[in-house]
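**Student:** Below is the file query_6.txt, which contains compact mmCIF, C-alpha atoms.
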# COMPACT_ATOMS: atom_id res chain seq x y z
CA MET J 1 -98.22 -188.20 -12.73
CA GLN J 2 -94.65 -187.15 -12.05
CA VAL J 3 -92.52 -187.54 -15.18
CA GLN J 4 -88.75 -187.44 -14.70
CA MET J 5 -87.18 -185.91 -17.80
CA ASN J 6 -83.67 -186.70 -19.03
CA ARG J 7 -80.89 -184.18 -19.44
CA THR J 8 -82.62 -182.36 -22.27
CA LYS J 9 -84.85 -180.80 -19.58
CA ARG J 10 -87.85 -180.86 -21.93
CA THR J 11 -91.24 -181.13 -20.26
CA PHE J 12 -94.56 -182.55 -21.33
CA THR J 13 -97.58 -180.33 -21.44
CA LEU J 14 -100.62 -181.48 -19.55
CA LYS J 15 -102.35 -182.07 -22.88
CA GLN J 16 -99.54 -184.32 -24.09
CA ARG J 17 -99.46 -186.32 -20.88
CA ALA J 18 -103.21 -186.82 -20.93
CA LEU J 19 -103.09 -187.92 -24.56
CA LEU J 20 -100.19 -190.27 -23.91
CA THR J 21 -101.94 -191.92 -20.99
CA ALA J 22 -105.17 -192.28 -22.97
CA LEU J 23 -103.33 -193.90 -25.86
CA LEU J 24 -101.42 -196.35 -23.72
CA LEU J 25 -104.46 -197.45 -21.76
CA TRP J 26 -105.50 -199.24 -24.93
CA THR J 27 -102.61 -201.66 -24.42
CA VAL J 28 -104.03 -203.60 -21.51
CA VAL J 29 -105.57 -206.37 -23.64
CA LEU J 30 -104.72 -209.13 -24.78
CA THR J 31 -103.13 -212.03 -26.59
CA ALA J 32 -103.55 -215.11 -28.79
CA GLY J 33 -105.71 -215.67 -31.80
CA ALA J 34 -108.15 -218.31 -32.95
CA GLN J 35 -105.78 -219.38 -35.72
CA LEU J 36 -103.42 -220.95 -33.16
CA LYS J 37 -104.14 -224.58 -32.37
CA ALA J 38 -102.66 -225.11 -28.88
CA ASP J 39 -102.65 -223.33 -25.58
CA ILE J 40 -99.19 -222.99 -24.06
CA ARG J 41 -100.63 -221.23 -21.00
CA CYS J 42 -102.43 -224.31 -19.73
CA ILE J 43 -101.46 -227.78 -18.62
CA ASP J 44 -102.80 -230.46 -20.98
CA PHE J 45 -104.15 -233.97 -20.62
CA CYS J 46 -103.22 -236.28 -23.51
CA GLY J 47 -102.72 -233.22 -25.66
CA ILE J 48 -106.07 -231.67 -24.65
CA PRO J 49 -105.95 -228.37 -22.73
CA LEU J 50 -107.26 -229.06 -19.22
CA GLU J 51 -109.54 -226.04 -19.17
CA GLY J 52 -112.78 -224.60 -20.47
CA LYS J 53 -116.28 -226.00 -20.55
CA ALA J 54 -116.65 -229.62 -19.49
CA SER J 55 -118.74 -230.33 -22.58
CA VAL J 56 -115.92 -229.17 -24.86
CA PHE J 57 -113.34 -231.18 -22.91
CA ALA J 58 -115.57 -234.29 -23.00
CA THR J 59 -115.96 -234.01 -26.76
CA ALA J 60 -112.18 -233.81 -27.17
CA LEU J 61 -111.74 -236.87 -24.94
CA LYS J 62 -114.15 -238.87 -27.08
CA GLN J 63 -112.20 -237.88 -30.16
CA LYS J 64 -109.17 -239.42 -28.42
CA GLY J 65 -111.06 -242.69 -27.97
CA PHE J 66 -112.33 -242.28 -24.40
CA THR J 67 -115.89 -243.44 -23.69
CA SER J 68 -118.22 -242.08 -21.04
CA TRP J 69 -119.67 -244.34 -18.35
CA GLY J 70 -121.61 -241.94 -16.18
CA ASP J 71 -121.61 -238.75 -14.15
CA SER J 72 -121.99 -238.00 -10.46
CA ASP J 73 -125.45 -237.04 -9.16
CA ASP J 74 -124.49 -233.37 -8.95
CA GLY J 75 -122.91 -233.42 -12.40
CA GLU J 76 -119.57 -232.18 -11.09
CA GLU J 77 -117.72 -235.42 -11.85
CA LEU J 78 -117.55 -237.02 -15.30
CA HIS J 79 -116.32 -240.60 -15.69
CA PHE J 80 -114.58 -242.14 -18.69
CA ARG J 81 -112.60 -245.19 -19.76
CA GLY J 82 -109.87 -245.16 -22.35
CA ASN J 83 -106.24 -245.73 -23.27
CA TYR J 84 -103.66 -243.65 -21.42
CA TYR J 85 -100.23 -244.02 -22.99
CA GLY J 86 -101.55 -247.25 -24.47
CA ILE J 87 -102.81 -248.72 -21.18
CA ARG J 88 -106.50 -249.08 -20.29
CA VAL J 89 -107.48 -246.77 -17.40
CA LYS J 90 -110.39 -245.09 -15.66
CA LEU J 91 -110.62 -241.32 -15.80
CA MET J 92 -112.57 -238.94 -13.56
CA VAL J 93 -112.87 -235.30 -14.61
CA SER J 94 -113.90 -232.80 -11.92
CA THR J 95 -115.62 -229.53 -12.77
CA GLU J 96 -116.57 -226.33 -10.97
CA GLY J 97 -120.28 -226.46 -10.25
CA ASP J 98 -121.50 -222.99 -11.16
CA SER J 99 -119.41 -222.45 -14.29
CA ALA J 100 -119.11 -226.11 -15.42
CA MET J 101 -115.43 -225.42 -16.12
CA VAL J 102 -112.92 -228.27 -15.98
CA GLN J 103 -110.69 -228.24 -12.89
CA SER J 104 -108.84 -231.55 -12.66
CA ALA J 105 -108.45 -235.05 -14.09
CA LEU J 106 -107.69 -238.23 -12.15
CA VAL J 107 -106.34 -241.31 -13.94
CA THR J 108 -106.62 -244.65 -12.12
CA CYS J 109 -104.82 -247.76 -13.36
CA GLY J 110 -105.07 -251.15 -11.64
CA PRO J 111 -105.50 -252.87 -9.29
CA TYR J 112 -102.21 -254.74 -9.64
CA ARG J 113 -101.86 -258.32 -8.51
CA THR J 114 -98.09 -258.17 -8.12
CA ARG J 115 -95.58 -255.57 -7.07
CA GLU J 116 -93.58 -256.35 -10.21
CA ASN J 117 -96.42 -255.27 -12.53
CA PHE J 118 -97.05 -252.18 -10.44
CA ASN J 119 -93.38 -251.11 -10.56
CA ARG J 120 -93.16 -251.76 -14.30
CA ASN J 121 -96.11 -249.49 -15.10
CA LEU J 122 -94.95 -246.90 -12.58
CA SER J 123 -91.63 -246.63 -14.40
CA TYR J 124 -93.38 -246.59 -17.77
CA PHE J 125 -95.80 -243.79 -16.84
CA LEU J 126 -93.01 -241.74 -15.27
CA MET J 127 -90.91 -242.08 -18.41
CA LYS J 128 -93.79 -241.01 -20.69
CA LEU J 129 -94.78 -238.11 -18.44
CA GLN J 130 -91.24 -236.78 -18.25
CA GLN J 131 -90.95 -237.00 -22.03
CA ASP J 132 -94.08 -234.86 -22.39
CA TYR J 133 -93.72 -232.40 -19.50
CA GLY J 134 -90.17 -232.38 -18.20
CA GLN J 135 -88.42 -233.53 -15.05
CA PHE J 136 -90.51 -234.73 -12.10
CA SER J 137 -89.37 -234.37 -8.50
CA VAL J 138 -89.84 -236.96 -5.75
CA ARG J 139 -91.55 -236.15 -2.47
CA ASN J 140 -92.94 -238.63 0.09
CA GLY J 141 -92.88 -241.46 -2.41
CA SER J 142 -94.83 -239.59 -5.11
CA TYR J 143 -93.63 -237.88 -8.29
CA TYR J 144 -94.53 -234.25 -8.98
CA TYR J 145 -94.43 -231.87 -11.91
CA ILE J 146 -95.34 -228.21 -11.19
CA SER J 147 -95.57 -225.34 -13.67
CA ASP J 148 -97.07 -221.86 -13.71
CA TYR J 149 -100.29 -223.34 -15.08
CA GLY J 150 -100.84 -226.57 -13.19
CA SER J 151 -99.38 -229.68 -11.60
CA ILE J 152 -99.24 -233.45 -12.09
CA LYS J 153 -98.85 -236.02 -9.33
CA LEU J 154 -97.99 -239.68 -10.04
CA SER J 155 -98.52 -241.83 -6.97
CA GLU J 156 -99.57 -245.13 -5.45
CA ASN J 157 -103.02 -245.63 -3.96
CA ILE J 158 -103.99 -248.46 -1.62
CA THR J 159 -107.64 -249.48 -1.97
CA ALA J 160 -109.92 -250.52 0.89
CA ASN J 161 -109.15 -254.18 0.26
CA GLY J 162 -105.38 -253.56 0.21
CA ALA J 163 -104.83 -253.63 -3.54
CA ARG J 164 -102.39 -251.25 -5.24
CA GLU J 165 -103.44 -248.74 -7.89
CA LEU J 166 -101.50 -246.17 -9.86
CA THR J 167 -103.02 -242.71 -9.97
CA VAL J 168 -102.06 -239.67 -12.01
CA PHE J 169 -103.70 -236.45 -10.84
CA TYR J 170 -103.75 -233.40 -13.14
CA LEU J 171 -104.68 -230.08 -11.54
CA SER J 172 -105.12 -226.91 -13.58
CA THR J 173 -104.21 -223.68 -11.80
CA ALA J 174 -104.57 -221.45 -14.87
CA THR J 175 -107.64 -219.34 -15.47
CA PHE J 176 -109.65 -220.17 -18.58
CA TYR J 177 -109.91 -216.59 -19.81
CA LYS J 178 -106.43 -215.29 -20.58
CA ASP J 179 -107.01 -211.55 -20.15
CA ALA J 180 -104.62 -211.51 -17.18
CA ALA J 181 -102.18 -214.13 -18.49
CA SER J 182 -101.97 -212.33 -21.82
CA MET J 183 -100.68 -209.25 -20.01
CA GLY J 184 -97.75 -211.29 -18.66
CA LEU J 185 -99.41 -211.75 -15.27
CA ARG J 186 -98.89 -214.93 -13.27
CA GLY J 187 -101.11 -216.42 -10.62
CA PRO J 188 -104.74 -215.70 -9.65
CA VAL J 189 -104.51 -211.91 -9.96
CA GLN J 190 -107.50 -210.03 -8.54
CA GLN J 191 -106.45 -206.37 -8.62
CA ILE J 192 -103.51 -204.21 -9.71
CA VAL J 193 -103.00 -200.63 -8.58
CA THR J 194 -100.26 -198.77 -10.49
CA GLU J 195 -98.50 -195.56 -9.59
CA ASN J 196 -97.67 -193.49 -12.70
CA PRO J 197 -99.76 -195.71 -14.98
CA ILE J 198 -98.68 -195.27 -18.57
CA ALA J 199 -98.65 -198.75 -20.08
CA GLU J 200 -101.68 -199.88 -18.07
CA GLY J 201 -104.66 -198.52 -16.17
CA ALA J 202 -104.32 -196.99 -12.72
CA MET J 203 -106.45 -199.80 -11.34
CA MET J 204 -107.34 -203.05 -13.07
CA GLN J 205 -109.54 -205.80 -11.68
CA PHE J 206 -110.12 -209.38 -12.83
CA ASP J 207 -112.68 -212.02 -11.95
CA ARG J 208 -111.69 -215.51 -10.85
CA SER J 209 -111.93 -216.82 -14.40
CA GLY J 210 -109.25 -214.36 -15.55
CA ARG J 211 -111.44 -211.82 -17.35
CA LEU J 212 -110.63 -208.13 -17.16
CA LEU J 213 -113.48 -206.22 -15.53
CA ASP J 214 -113.83 -203.29 -17.90
CA PRO J 215 -117.32 -202.07 -18.89
CA GLU J 216 -115.87 -200.16 -21.85
CA LEU J 217 -114.50 -203.36 -23.42
CA VAL J 218 -117.61 -204.80 -25.09
CA ASP J 219 -118.65 -207.28 -27.78
CA ARG J 220 -115.84 -209.59 -26.74
CA GLN J 221 -115.10 -212.69 -28.80
CA TYR J 222 -112.97 -215.44 -27.25
CA ASP J 223 -111.59 -218.58 -28.86
CA ASP J 224 -111.92 -222.11 -27.44
CA TYR J 225 -108.88 -221.54 -25.21
CA GLY J 226 -110.15 -218.35 -23.59
CA TYR J 227 -108.14 -215.80 -25.58
CA LEU J 228 -109.74 -212.59 -26.72
CA THR J 229 -109.76 -212.45 -30.52
CA LYS J 230 -111.93 -209.40 -31.23
CA ALA J 231 -113.63 -206.68 -29.20
CA ALA J 232 -114.99 -203.16 -29.30
CA MET J 233 -114.34 -200.14 -27.11
CA THR J 234 -117.11 -197.70 -26.28
CA GLU J 235 -116.17 -194.10 -27.03
CA GLN J 236 -117.01 -191.13 -24.80
CA GLN J 237 -118.42 -189.23 -27.76
CA GLY J 238 -120.58 -192.20 -28.72
CA GLY J 239 -120.12 -195.17 -30.99
CA LYS J 240 -117.60 -197.97 -30.79
CA SER J 241 -114.05 -198.60 -31.95
CA SER J 242 -113.15 -202.00 -33.37
CA VAL J 243 -110.11 -203.88 -32.10
CA ASP J 244 -108.09 -206.58 -33.91
CA TYR J 245 -105.11 -208.59 -32.68
CA SER J 246 -102.10 -210.31 -34.30
CA TYR J 247 -99.95 -212.89 -32.50
CA ASP J 248 -96.82 -214.99 -32.74
CA GLN J 249 -96.69 -218.76 -32.38
CA GLU J 250 -96.13 -218.47 -28.63
CA ARG J 251 -99.45 -216.67 -28.23
CA ARG J 252 -97.86 -213.32 -27.51
CA LEU J 253 -99.45 -210.16 -28.76
CA VAL J 254 -97.25 -208.62 -31.46
CA LYS J 255 -99.65 -206.15 -33.03
CA ARG J 256 -102.92 -204.58 -31.99
CA THR J 257 -105.00 -202.29 -34.17
CA LEU J 258 -107.84 -200.12 -32.93
CA ILE J 259 -109.94 -198.19 -35.46
CA ASN J 260 -112.22 -195.34 -34.47
CA ALA J 261 -114.25 -194.94 -37.64
CA THR J 262 -116.20 -191.96 -36.30
CA ALA J 263 -113.05 -189.93 -35.63
CA GLY J 264 -111.16 -191.34 -38.60
CA ILE J 265 -108.28 -192.40 -36.33
CA LYS J 266 -106.28 -195.64 -36.27
CA TYR J 267 -104.10 -196.70 -33.33
CA VAL J 268 -101.40 -199.34 -33.97
CA ASN J 269 -99.51 -200.92 -31.06
CA GLU J 270 -96.59 -203.33 -31.59
CA TYR J 271 -94.72 -205.32 -28.93
CA THR J 272 -91.48 -207.20 -28.29
CA TYR J 273 -90.73 -209.51 -25.35
CA ASN J 274 -87.92 -210.52 -23.03
CA ASP J 275 -86.93 -214.08 -22.10
CA ASP J 276 -89.57 -214.11 -19.33
CA ASP J 277 -92.37 -213.31 -21.81
CA GLU J 278 -92.75 -209.83 -20.35
CA ILE J 279 -93.20 -206.83 -22.64
CA ALA J 280 -89.70 -205.47 -23.29
CA SER J 281 -90.67 -202.65 -25.63
CA GLN J 282 -93.70 -201.10 -27.30
CA SER J 283 -94.28 -198.96 -30.34
CA GLN J 284 -97.42 -196.80 -30.40
CA LYS J 285 -98.55 -194.94 -33.50
CA VAL J 286 -101.63 -192.91 -34.34
CA PHE J 287 -102.75 -192.35 -37.93
CA ASP J 288 -105.28 -189.83 -39.20
CA LYS J 289 -107.99 -190.46 -41.79
CA ASN J 290 -105.45 -189.91 -44.59
CA GLY J 291 -103.15 -192.61 -43.22
CA GLU J 292 -100.54 -190.11 -42.01
CA CYS J 293 -98.77 -190.79 -38.71
CA ILE J 294 -99.50 -187.91 -36.34
CA ILE J 295 -98.21 -189.37 -33.04
CA SER J 296 -95.43 -191.89 -32.38
CA ILE J 297 -94.35 -193.23 -28.99
CA SER J 298 -91.50 -195.67 -28.32
CA LEU J 299 -91.27 -197.31 -24.90
CA LYS J 300 -88.78 -199.62 -23.18
CA ASN J 301 -89.30 -201.37 -19.86
CA LYS J 302 -86.67 -202.17 -17.25
CA TYR J 303 -88.23 -204.27 -14.50
CA THR J 304 -86.35 -203.96 -11.25
CA GLU J 305 -88.51 -205.74 -8.67
CA ARG J 306 -91.01 -208.62 -8.73
CA ASP J 307 -93.29 -210.25 -6.17
CA ASN J 308 -93.35 -213.91 -5.13
CA ASN J 309 -95.48 -214.82 -8.15
CA GLY J 310 -92.95 -213.31 -10.54
CA ASN J 311 -95.06 -210.26 -11.44
CA TRP J 312 -93.17 -206.98 -11.65
CA THR J 313 -93.78 -204.44 -8.92
CA LYS J 314 -91.23 -201.79 -9.98
CA ASN J 315 -90.39 -200.67 -13.49
CA THR J 316 -88.35 -197.92 -15.10
CA LEU J 317 -90.15 -196.93 -18.29
CA SER J 318 -88.13 -195.00 -20.87
CA LEU J 319 -90.08 -193.37 -23.68
CA ILE J 320 -89.75 -191.04 -26.63
CA TYR J 321 -92.85 -189.06 -27.54
CA TRP J 322 -93.26 -187.44 -30.97
CA GLU J 323 -96.20 -185.44 -32.25
CA LYS J 324 -96.51 -184.10 -35.80
CA GLY J 325 -94.85 -180.72 -36.08
CA GLU J 326 -92.97 -181.07 -32.79
CA GLN J 327 -89.53 -182.28 -31.71
CA PRO J 328 -89.26 -185.75 -30.10
CA GLN J 329 -89.38 -185.62 -26.30
CA PRO J 330 -87.66 -188.30 -24.19
CA ALA J 331 -88.79 -189.08 -20.67
CA THR J 332 -88.34 -191.59 -17.87
CA VAL J 333 -91.20 -192.75 -15.65
CA GLU J 334 -90.76 -194.74 -12.43
CA GLN J 335 -93.69 -197.10 -11.93
CA THR J 336 -94.74 -199.21 -8.97
CA ARG J 337 -97.55 -201.76 -8.72
CA THR J 338 -99.47 -203.23 -5.80
CA ILE J 339 -100.96 -206.61 -6.74
CA SER J 340 -103.57 -208.58 -4.81
CA TYR J 341 -104.54 -212.19 -5.53
CA PHE J 342 -107.54 -214.44 -5.06
CA SER J 343 -107.06 -217.02 -2.33
CA GLU J 344 -106.59 -220.55 -3.65
Show how you would write the structure in this file as structure tokens.

**Tutor:**
Amino acid sequence: MQVQMNRTKRTFTLKQRALLTALLLWTVVLTAGAQLKADIRCIDFCGIPLEGKASVFATALKQKGFTSWGDSDDGEELHFRGNYYGIRVKLMVSTEGDSAMVQSALVTCGPYRTRENFNRNLSYFLMKLQQDYGQFSVRNGSYYYISDYGSIKLSENITANGARELTVFYLSTATFYKDAASMGLRGPVQQIVTENPIAEGAMMQFDRSGRLLDPELVDRQYDDYGYLTKAAMTEQQGGKSSVDYSYDQERRLVKRTLINATAGIKYVNEYTYNDDDEIASQSQKVFDKNGECIISISLKNKYTERDNNGNWTKNTLSLIYWEKGEQPQPATVEQTRTISYFSE
């Protein structure tokens, strides 16, 4: 790793650089705690996150007054009836076969005997949807809402006998597990390779459900929205370190504490964010068994390039490294990332 020093011309020792990298690799996971009651990183249906196990989603629907009236033969489609913005509709929920995770929801209202009734409910649904989600755009006679986490399409459907129906199609594009999303990543990220990796691993890989593939991160506990709440890290010398997370109301990691009881060491990481929910700065501290701070690292990010998904590909990382008994050492690290994605 090439570290560009500032005008002080100080240099890191190999030991310091190795320790710094080891400490900062702990920062790769993750955000949001079980105490939070909503998932802002997922599109919702009637206030229910459109994600997770179909059984959990079905239970939430029934609590909203929807009733089940059958499933498809393969079990990948679940059918309900209920009130949608106060109007009786049919609802079909589609799931992914192997994982039984929710993928989409299709609302069907009608058929309508007159064009007048159809237009009235079209305007009503559009008004309610825009109140809940924001402005819809018009394309080819249908109305669309698209976010980083999913889309909604309000449109007209003509049945086989020529009758008109209103359909509202909700499609989730967010992964259920938020390991990648909690790191500020957007889109179906598969792999990240980083040059000069200080605030993340040199290579990170994720599965299609959004989980970080890391054999050292064990005993994971996720909440109902797919956020990691607790975990353990296996140590090279044996044993495990416990990890706890603290979050703000926007499900952003603000404090992470790792305790290695065997070594008597505590690592505390704290984070601030920019307007794009990317990590703007980090504070890293290491405490010994007596509670004394023995290492402190302050970092600031300046993202200079991003890819088409909005993920940074170039970053200037400024840091100040302090170790007990030594003078603080400032440094600047130029980082680049190559990101590959799963095909949709």

**Student:** Kindly indicate which residue among J:Ile43, J:Gln284, J:Pro328, J:Asn309 lies nearest to Asp132 of chain J, using only C-alpha atoms for the distances.

**Tutor:**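 Ranked by minimum distance to Asp132 of chain J, first place goes to J:Ile43.
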
**Student:** May I ask for the distance between atom CA of Leu171 of chain J and atom CA of Glu250 of chain J, given in Å to one decimal place?

**Tutor:**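 Interatomic distance here is 22.4 Å.
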
**Student:** What does the structure give for the distance between atom CA of Gln329 of chain J and atom CA of Asn196 of chain J, in Å to one decimal?

**Tutor:** 17.8 Å

**Student:** One decimal, in Å: what's the spacing between atom CA of Arg211 of chain J and atom CA of Gln190 of chain J?

**Tutor:**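 Computed distance, atom CA of Arg211 of chain J to atom CA of Gln190 of chain J, equals 9.8 Å.
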
**Student:** Which is closest to Pro330 of chain J among J:Thr313, J:Ser298, J:Ser137, J:Ser68, if we use all atoms listed in the file?

**Tutor:**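 Closest to Pro330 of chain J of all the choices is J:Ser298.
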
**Student:** Hey, can you pull every residue with an atom no more than 8 Å from (-93.9, -196.1, -19.8), using all atoms listed in the file, and send it as an MDAnalysis selection string?

**Tutor:** chainID J and resid 197:199 299:301 316:319 332:333 335

**Student:** Between J:Tyr341, J:Tyr303, J:Trp322, J:Tyr144, which has the minimum distance to Arg186 of chain J (counting all atoms listed in the file)?

**Tutor:**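 Of J:Tyr341, J:Tyr303, J:Trp322, J:Tyr144, the one nearest Arg186 of chain J is J:Tyr341, counting all atoms listed in the file.
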
**Student:** Would you pick out the contacts of Ile294 of chain J at 6 Å or less, using only C-alpha atoms, so that residues sharing its chain but fewer than 3 positions from it are not included, and give the list as a list in words?

**Tutor:**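 Once the nearby chain positions are removed, what remains is Val286, Phe287, Glu323 and Lys324 of chain J.
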
**Student:** Around the point (-105.6, -209.5, -24.0), in the coordinates given by the file, pick out the residues reaching within 12 Å, counting all atoms listed in the file, and return them as a PyMOL selection string.

**Tutor:** chain J and resi 26-33+177-185+200+210-212+214+217+220-223+226-231+243-247+251-256

**Student:** Residues within 8 Å of Arg337 of chain J, please, as a ChimeraX atom specification. Count only C-alpha atoms; anything in the same chain fewer than 2 positions from it doesn't count.

**Tutor:** /J:192-195,312-314,335,339

**Student:** Counting only C-alpha atoms, figure out which residue out of J:Leu91, J:Leu129, J:Cys42, J:Leu61 gets nearest to Ser147 of chain J.

**Tutor:**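 When distances to Ser147 of chain J are compared using only C-alpha atoms, the smallest one comes from J:Cys42.
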
**Student:** Need to verify the contact set: Gly82 of chain J, 12 Å, all atoms listed in the file, exclusion of same-chain residues closer than 6 positions in sequence. Can you return it as a short mmCIF file (atom, residue, chain, number, x, y, z; two decimals) with C-alpha atoms, in the coordinates of the input?

**Tutor:**
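Output saved as part34.cif:
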data_model
loop_
_atom_site.label_atom_id
_atom_site.label_comp_id
_atom_site.auth_asym_id
_atom_site.auth_seq_id
_atom_site.Cartn_x
_atom_site.Cartn_y
_atom_site.Cartn_z
CA CYS J 46 -103.22 -236.28 -23.51
CA LEU J 61 -111.74 -236.87 -24.94
CA LYS J 62 -114.15 -238.87 -27.08
CA GLN J 63 -112.20 -237.88 -30.16
CA LYS J 64 -109.17 -239.42 -28.42
CA GLY J 65 -111.06 -242.69 -27.97
CA PHE J 66 -112.33 -242.28 -24.40
CA THR J 67 -115.89 -243.44 -23.69
CA SER J 68 -118.22 -242.08 -21.04
CA TRP J 69 -119.67 -244.34 -18.35
CA ARG J 88 -106.50 -249.08 -20.29
CA VAL J 89 -107.48 -246.77 -17.40
CA LYS J 90 -110.39 -245.09 -15.66
CA LEU J 91 -110.62 -241.32 -15.80
CA MET J 92 -112.57 -238.94 -13.56
CA VAL J 107 -106.34 -241.31 -13.94
CA THR J 108 -106.62 -244.65 -12.12
CA CYS J 109 -104.82 -247.76 -13.36
#

**Student:** Write out as a list in words each polymer residue whose atoms come within 10 Å of Tyr143 of chain J, counting only C-alpha atoms; drop sequence neighbours fewer than 3 positions from it.

**Tutor:**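 Listed by chain and then number, they are Leu126, Gln135, Phe136, Ser137, Val138, Arg139, Asn140, Ile152, Lys153, Leu154, Ser155, Glu156 and Val168 of chain J.
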
**Student:** Write the residues of the preceding selection, restricted to C-alpha atoms, as a PDB file, in the frame of the given file.

**Tutor:**
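The result, stored in result.pdb:
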ATOM      1  CA  LEU J 126     -93.010-241.740 -15.270  1.00  0.00           C
ATOM      2  CA  GLN J 135     -88.420-233.530 -15.050  1.00  0.00           C
ATOM      3  CA  PHE J 136     -90.510-234.730 -12.100  1.00  0.00           C
ATOM      4  CA  SER J 137     -89.370-234.370  -8.500  1.00  0.00           C
ATOM      5  CA  VAL J 138     -89.840-236.960  -5.750  1.00  0.00           C
ATOM      6  CA  ARG J 139     -91.550-236.150  -2.470  1.00  0.00           C
ATOM      7  CA  ASN J 140     -92.940-238.630   0.090  1.00  0.00           C
ATOM      8  CA  ILE J 152     -99.240-233.450 -12.090  1.00  0.00           C
ATOM      9  CA  LYS J 153     -98.850-236.020  -9.330  1.00  0.00           C
ATOM     10  CA  LEU J 154     -97.990-239.680 -10.040  1.00  0.00           C
ATOM     11  CA  SER J 155     -98.520-241.830  -6.970  1.00  0.00           C
ATOM     12  CA  GLU J 156     -99.570-245.130  -5.450  1.00  0.00           C
ATOM     13  CA  VAL J 168    -102.060-239.670 -12.010  1.00  0.00           C
TER      14      VAL J 168
END

**Student:** Point out the residue among J:Ser281, J:Asn121, J:Asn269, J:Ser209 with the least atom-to-atom distance to Gln103 of chain J, counting all atoms listed in the file.

**Tutor:**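 Looking only at the distances to Gln103 of chain J, the closest residue turns out to be J:Ser209.
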
**Student:** Using all atoms listed in the file for the distances, tell me which of J:Asn119, J:Thr338, J:Gln236, J:Thr257 is nearest to Lys285 of chain J.

**Tutor:**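 The answer is J:Thr257, which sits nearest to Lys285 of chain J.
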
**Student:** Would you mind completing segment 326-337 of chain J so that it carries N, CA, C and O atoms, and writing it out as a compact mmCIF listing (two decimals), in the frame of the given file?

**Tutor:**
# COMPACT_ATOMS: atom_id res chain seq x y z
N GLU J 326 -93.73 -181.33 -34.01
CA GLU J 326 -92.97 -181.07 -32.79
C GLU J 326 -91.69 -181.90 -32.78
O GLU J 326 -91.54 -182.86 -33.52
N GLN J 327 -90.76 -181.52 -31.91
CA GLN J 327 -89.53 -182.28 -31.71
C GLN J 327 -89.80 -183.48 -30.80
O GLN J 327 -90.65 -183.41 -29.89
N PRO J 328 -89.11 -184.61 -31.00
CA PRO J 328 -89.26 -185.75 -30.10
C PRO J 328 -88.89 -185.37 -28.67
O PRO J 328 -87.96 -184.59 -28.44
N GLN J 329 -89.62 -185.91 -27.70
CA GLN J 329 -89.38 -185.62 -26.30
C GLN J 329 -89.14 -186.92 -25.53
O GLN J 329 -90.04 -187.74 -25.41
N PRO J 330 -87.92 -187.12 -25.01
CA PRO J 330 -87.66 -188.30 -24.19
C PRO J 330 -88.07 -188.09 -22.75
O PRO J 330 -88.09 -186.96 -22.25
N ALA J 331 -88.40 -189.16 -22.08
CA ALA J 331 -88.79 -189.08 -20.67
C ALA J 331 -88.54 -190.42 -19.99
O ALA J 331 -88.44 -191.46 -20.65
N THR J 332 -88.46 -190.38 -18.67
CA THR J 332 -88.34 -191.59 -17.87
C THR J 332 -89.41 -191.56 -16.78
O THR J 332 -89.59 -190.54 -16.12
N VAL J 333 -90.12 -192.66 -16.63
CA VAL J 333 -91.20 -192.75 -15.65
C VAL J 333 -90.93 -193.92 -14.72
O VAL J 333 -90.71 -195.05 -15.18
N GLU J 334 -90.91 -193.67 -13.42
CA GLU J 334 -90.76 -194.74 -12.43
C GLU J 334 -92.15 -195.23 -12.04
O GLU J 334 -92.98 -194.44 -11.58
N GLN J 335 -92.38 -196.52 -12.22
CA GLN J 335 -93.69 -197.10 -11.93
C GLN J 335 -93.60 -198.12 -10.81
O GLN J 335 -92.62 -198.86 -10.70
N THR J 336 -94.61 -198.17 -9.98
CA THR J 336 -94.74 -199.21 -8.97
C THR J 336 -96.14 -199.80 -9.04
O THR J 336 -97.10 -199.12 -9.42
N ARG J 337 -96.25 -201.08 -8.70
CA ARG J 337 -97.55 -201.76 -8.72
C ARG J 337 -97.78 -202.48 -7.40
O ARG J 337 -96.86 -203.07 -6.82
